[in-house]
Amino acid sequence: GAVVSQHPSRVICKSGTSVKIECRSLDFQATTMFWYRQFPKQSLMLMATSNEGSKATYEQGVEKDKFLINHASLTLSTLTVTSAHPEDSSFYICSAGRLGTGRDEQFFGPGTRLTVL
Amino acid sequence: AQSVTQLDSQVPVFEEAPVELRCNYSSSVSVYLFWYVQYPNQGLQLLLKYLSGSTLVKGINGFEAEFNKSQTSFHLRKPSVHISDTAEYFCAVIQAAGNKLTFGGGTRVLVKP
C-alpha cells in the first residue's frame, strides 16, 4: 500500500507554454501533499505544501503565480508551471501524507522530469 | 528551523565492502530522522526512520543507522554492499511538531566490482 503516482513522468515543452503535473495517492487518502524540485545532482527543495480544499503554502522564494497548486481531492494534487522557461527545467517530485497517520508518514512519487526548450 | 549536513558528496566503495554515510543535523526542537534512497530518474524510497526508542534502527536492504543525540548524528551503515546499492542517499529530518522534511545535500554511492 501507500503508492503515489505522478503523470507525466517526462515532459518536454516550448518556452512560454504551461505544463500540468498530476500527483495521485492510489490506495490511500492524503491529508497533505508536498511538491519538491530537484536540480541535477542536488537535493530536494520543498516548493509548497498543499492541503485538500485549501490554498497551498509556498516556501520562501517560490512564486505562487508561476507554480499553481491545486489540491482538489484527498487523492489528487496538481502542479501547473505557467509560462515555463528553460530555468524551470528540473525534476519535480511530489509526496503525500496519509490521512490518520503521524507526521512521519510521507510517501514519494516517482518524479516528473520537465525540460523547457 | 532545522538543517541537515551530509559530509560526503560521493562515496566510492568496492562490492562486499562496508559503507558508512554520515549525517549531522541541527535543530532547536525534537526531530524525527530519515534515510531515503533515490535511484536514477526515480523518486525516493524510505530506507529507515528514527522516531523514538532504540537508537539503533534497522531498515530495508540490510541498512541500519544509529541516532546519537549528543553528537546530533544519524549515520547510515551497511556491512557489505552490492552493485545494486549504487544510488543517491538522502538524510532528512522533520520536527516532531511539524510536517516539513528538510533534506541533506545527498551522498552518491558508487559500488565498484
# chains A, B, ... in the order shown; residues from 1 in each chain; ligands from 1
>>> residues_around(residues="segment 44-57 of chain B", least_positions_apart="2", cutoff="7 Å", atoms="only C-alpha atoms", output="PyMOL selection string")
(chain A and resi 108) or (chain B and resi 32-38+42+59-60+64-67)
>>> interface_residues(of="chain A", to="chain B", cutoff="7 Å", atoms="only C-alpha atoms", output="PyMOL selection string")
chain A and resi 42-44+93+103+108-111
>>> closest_residue(among="A:Met33, A:Val19, A:Ala72, A:Val11", to="Ser95 of chain A", atoms="only C-alpha atoms")
A:Met33
>>> residues_around(residues="Leu68 of chain A", least_positions_apart="4", cutoff="8 Å", atoms="only C-alpha atoms", output="JSON, numbers by chain")
{"A": [64, 78, 79, 80, 81, 82]}
>>> write_last_selection(atoms="C-alpha atoms", output="compact mmCIF listing (two decimals), in the first residue's frame")
# COMPACT_ATOMS: atom_id res chain seq x y z
CA LYS A 64 2.89 31.16 -6.31
CA THR A 78 -1.70 19.18 -9.42
CA LEU A 79 1.22 21.48 -10.06
CA THR A 80 0.99 23.78 -13.06
CA VAL A 81 4.13 25.50 -14.23
CA THR A 82 2.84 28.58 -16.02
>>> select_by_dssp(residues="segment 7-50 of chain B", states="strand (DSSP E or B)", output="ChimeraX atom specification")
/B:10-14,19-21,24-26,31-38,44-50
>>> residues_around(residues="Val109 of chain B", least_positions_apart="6", cutoff="7 Å", atoms="only C-alpha atoms", output="PyMOL selection string")
chain B and resi 10-12+86-88
>>> write_last_selection(atoms="all heavy atoms", output="mmCIF file, in the first residue's frame")
data_model
loop_
_atom_site.group_PDB
_atom_site.id
_atom_site.type_symbol
_atom_site.label_atom_id
_atom_site.label_comp_id
_atom_site.auth_asym_id
_atom_site.auth_seq_id
_atom_site.Cartn_x
_atom_site.Cartn_y
_atom_site.Cartn_z
ATOM 1 N N GLN B 10 30.236 12.202 -2.302
ATOM 2 C CA GLN B 10 30.404 10.966 -3.054
ATOM 3 C C GLN B 10 31.184 9.963 -2.221
ATOM 4 O O GLN B 10 32.129 10.323 -1.530
ATOM 5 C CB GLN B 10 31.168 11.204 -4.359
ATOM 6 C CG GLN B 10 30.405 11.974 -5.408
ATOM 7 C CD GLN B 10 31.122 11.944 -6.743
ATOM 8 O OE1 GLN B 10 31.202 10.906 -7.388
ATOM 9 N NE2 GLN B 10 31.657 13.078 -7.140
ATOM 10 N N VAL B 11 30.778 8.715 -2.312
ATOM 11 C CA VAL B 11 31.486 7.648 -1.609
ATOM 12 C C VAL B 11 31.663 6.478 -2.558
ATOM 13 O O VAL B 11 30.701 5.764 -2.862
ATOM 14 C CB VAL B 11 30.713 7.188 -0.355
ATOM 15 C CG1 VAL B 11 31.390 5.969 0.272
ATOM 16 C CG2 VAL B 11 30.618 8.317 0.662
ATOM 17 N N PRO B 12 32.882 6.289 -3.077
ATOM 18 C CA PRO B 12 33.137 5.088 -3.873
ATOM 19 C C PRO B 12 33.476 3.924 -2.945
ATOM 20 O O PRO B 12 34.166 4.115 -1.941
ATOM 21 C CB PRO B 12 34.345 5.492 -4.718
ATOM 22 C CG PRO B 12 35.046 6.529 -3.889
ATOM 23 C CD PRO B 12 34.024 7.186 -3.017
ATOM 24 N N THR B 86 24.280 1.077 -5.656
ATOM 25 C CA THR B 86 24.698 2.313 -6.311
ATOM 26 C C THR B 86 23.481 3.209 -6.474
ATOM 27 O O THR B 86 22.509 2.855 -7.148
ATOM 28 C CB THR B 86 25.319 2.003 -7.686
ATOM 29 O OG1 THR B 86 26.534 1.279 -7.494
ATOM 30 C CG2 THR B 86 25.599 3.283 -8.451
ATOM 31 N N ALA B 87 23.517 4.377 -5.834
ATOM 32 C CA ALA B 87 22.356 5.270 -5.811
ATOM 33 C C ALA B 87 22.733 6.535 -5.062
ATOM 34 O O ALA B 87 23.853 6.678 -4.569
ATOM 35 C CB ALA B 87 21.165 4.588 -5.137
ATOM 36 N N GLU B 88 21.772 7.430 -4.951
ATOM 37 C CA GLU B 88 21.929 8.647 -4.155
ATOM 38 C C GLU B 88 21.177 8.422 -2.854
ATOM 39 O O GLU B 88 20.058 7.906 -2.847
ATOM 40 C CB GLU B 88 21.322 9.842 -4.892
ATOM 41 C CG GLU B 88 21.571 11.178 -4.236
ATOM 42 C CD GLU B 88 22.842 11.839 -4.714
ATOM 43 O OE1 GLU B 88 23.317 11.482 -5.807
ATOM 44 O OE2 GLU B 88 23.350 12.721 -4.006
#
>>> residues_around(residues="Asn70 of chain A", least_positions_apart="3", cutoff="9 Å", atoms="only C-alpha atoms", output="list in words")
Ser50, Asn51, Glu52, Gly53, Ser54, Lys55, Ala56, Ser73, Leu76, Ser77, Thr78, Leu79 and Thr80 of chain A
>>> write_last_selection(atoms="N, CA and C atoms", output="JSON list (two decimals), in the first residue's frame")
[["chain", "number", "residue", "atom", "x", "y", "z"],
["A", 50, "SER", "N", 0.44, 21.48, 0.22],
["A", 50, "SER", "CA", -0.97, 21.69, -0.08],
["A", 50, "SER", "C", -1.85, 20.76, 0.73],
["A", 51, "ASN", "N", -2.94, 21.32, 1.20],
["A", 51, "ASN", "CA", -3.95, 20.56, 1.93],
["A", 51, "ASN", "C", -5.23, 20.57, 1.12],
["A", 52, "GLU", "N", -5.93, 19.47, 1.14],
["A", 52, "GLU", "CA", -7.15, 19.32, 0.36],
["A", 52, "GLU", "C", -8.16, 20.42, 0.70],
["A", 53, "GLY", "N", -8.60, 21.11, -0.32],
["A", 53, "GLY", "CA", -9.63, 22.12, -0.16],
["A", 53, "GLY", "C", -9.16, 23.47, 0.31],
["A", 54, "SER", "N", -7.87, 23.65, 0.46],
["A", 54, "SER", "CA", -7.39, 24.96, 0.89],
["A", 54, "SER", "C", -6.20, 25.39, 0.02],
["A", 55, "LYS", "N", -5.83, 26.65, 0.18],
["A", 55, "LYS", "CA", -4.72, 27.17, -0.63],
["A", 55, "LYS", "C", -3.40, 26.56, -0.18],
["A", 56, "ALA", "N", -2.52, 26.44, -1.13],
["A", 56, "ALA", "CA", -1.21, 25.89, -0.82],
["A", 56, "ALA", "C", -0.36, 26.91, -0.07],
["A", 73, "SER", "N", -8.88, 17.07, -4.26],
["A", 73, "SER", "CA", -9.46, 15.94, -3.54],
["A", 73, "SER", "C", -8.39, 15.32, -2.66],
["A", 76, "LEU", "N", -5.67, 13.68, -5.10],
["A", 76, "LEU", "CA", -5.09, 14.33, -6.27],
["A", 76, "LEU", "C", -4.63, 15.75, -5.97],
["A", 77, "SER", "N", -3.41, 16.03, -6.35],
["A", 77, "SER", "CA", -2.88, 17.38, -6.32],
["A", 77, "SER", "C", -2.21, 17.63, -7.66],
["A", 78, "THR", "N", -2.34, 18.85, -8.16],
["A", 78, "THR", "CA", -1.70, 19.18, -9.42],
["A", 78, "THR", "C", -0.80, 20.39, -9.26],
["A", 79, "LEU", "N", 0.29, 20.36, -10.00],
["A", 79, "LEU", "CA", 1.22, 21.48, -10.06],
["A", 79, "LEU", "C", 1.25, 21.95, -11.50],
["A", 80, "THR", "N", 0.94, 23.22, -11.72],
["A", 80, "THR", "CA", 0.99, 23.78, -13.06],
["A", 80, "THR", "C", 2.11, 24.81, -13.11]]
>>> residues_around(residues="segment 16-25 of chain B", least_positions_apart="6", cutoff="9 Å", atoms="only C-alpha atoms", output="compact mmCIF listing (two decimals) with N, CA and C atoms, in the first residue's frame")
# COMPACT_ATOMS: atom_id res chain seq x y z
N GLN B 2 15.49 23.80 11.06
CA GLN B 2 16.45 22.71 11.17
C GLN B 2 17.30 22.66 9.91
N SER B 3 18.43 22.02 10.01
CA SER B 3 19.30 21.83 8.86
C SER B 3 19.93 20.45 8.92
N VAL B 4 20.34 19.96 7.76
CA VAL B 4 20.93 18.64 7.67
C VAL B 4 22.20 18.74 6.83
N THR B 5 23.27 18.14 7.32
CA THR B 5 24.53 18.15 6.59
C THR B 5 24.98 16.73 6.34
N GLN B 6 25.19 16.41 5.09
CA GLN B 6 25.78 15.13 4.71
C GLN B 6 27.21 15.44 4.31
N LEU B 7 28.13 14.93 5.05
CA LEU B 7 29.51 15.37 4.95
C LEU B 7 30.20 14.88 3.68
N ASP B 8 29.70 13.81 3.10
CA ASP B 8 30.35 13.25 1.91
C ASP B 8 29.41 13.37 0.72
N GLN B 71 25.80 13.87 19.71
CA GLN B 71 26.55 14.32 18.54
C GLN B 71 25.64 14.78 17.40
N THR B 72 24.37 14.79 17.65
CA THR B 72 23.36 15.18 16.62
C THR B 72 23.68 14.52 15.28
N SER B 73 23.86 13.20 15.35
CA SER B 73 24.20 12.48 14.13
C SER B 73 23.24 11.32 13.91
N PHE B 74 23.19 10.89 12.66
CA PHE B 74 22.35 9.76 12.29
C PHE B 74 23.02 9.08 11.09
N HIS B 75 24.13 8.44 11.35
CA HIS B 75 24.93 7.84 10.28
C HIS B 75 24.33 6.53 9.80
N LEU B 76 24.43 6.32 8.51
CA LEU B 76 23.86 5.12 7.86
C LEU B 76 24.99 4.14 7.55
N ARG B 77 24.75 2.86 7.78
CA ARG B 77 25.78 1.86 7.55
C ARG B 77 25.20 0.63 6.86
N LYS B 78 26.09 -0.03 6.12
CA LYS B 78 25.76 -1.34 5.58
C LYS B 78 27.04 -2.16 5.61
N PRO B 79 27.01 -3.35 6.19
CA PRO B 79 28.25 -4.12 6.36
C PRO B 79 28.84 -4.66 5.06
N SER B 80 28.01 -4.86 4.04
CA SER B 80 28.51 -5.42 2.79
C SER B 80 27.61 -4.94 1.64
N VAL B 81 28.17 -4.11 0.78
CA VAL B 81 27.34 -3.51 -0.28
C VAL B 81 27.33 -4.36 -1.53
N HIS B 82 26.27 -4.15 -2.31
CA HIS B 82 26.12 -4.80 -3.62
C HIS B 82 26.14 -3.75 -4.70
N ILE B 83 26.39 -4.20 -5.91
CA ILE B 83 26.37 -3.29 -7.05
C ILE B 83 25.05 -2.52 -7.09
N TYR B 89 21.79 8.83 -1.75
CA TYR B 89 21.20 8.62 -0.44
C TYR B 89 21.00 9.97 0.24
N PHE B 90 19.80 10.16 0.77
CA PHE B 90 19.47 11.42 1.41
C PHE B 90 19.08 11.20 2.87
N CYS B 91 19.67 12.01 3.72
CA CYS B 91 19.27 12.07 5.12
C CYS B 91 18.26 13.21 5.25
N ALA B 92 17.26 13.04 6.09
CA ALA B 92 16.24 14.08 6.23
C ALA B 92 15.74 14.12 7.66
N VAL B 93 15.27 15.29 8.05
CA VAL B 93 14.68 15.44 9.38
C VAL B 93 13.34 16.15 9.28
N GLY B 104 19.22 16.68 3.51
CA GLY B 104 20.63 16.96 3.34
C GLY B 104 20.96 17.02 1.86
N THR B 107 24.31 11.98 -0.72
CA THR B 107 25.60 11.30 -0.89
C THR B 107 25.44 10.28 -2.00
N VAL B 109 26.58 7.11 -3.76
CA VAL B 109 27.36 5.89 -3.52
C VAL B 109 27.57 5.18 -4.83
N VAL B 111 29.22 1.79 -6.18
CA VAL B 111 29.77 0.49 -5.81
C VAL B 111 30.51 -0.08 -7.01
N PRO B 113 32.86 -3.09 -8.85
CA PRO B 113 33.06 -4.56 -8.76
C PRO B 113 34.48 -4.91 -8.34
>>> closest_residue(among="A:Thr17, A:Ser9, A:Gln60, A:Thr32", to="Ala96 of chain A", atoms="only C-alpha atoms")
A:Thr32
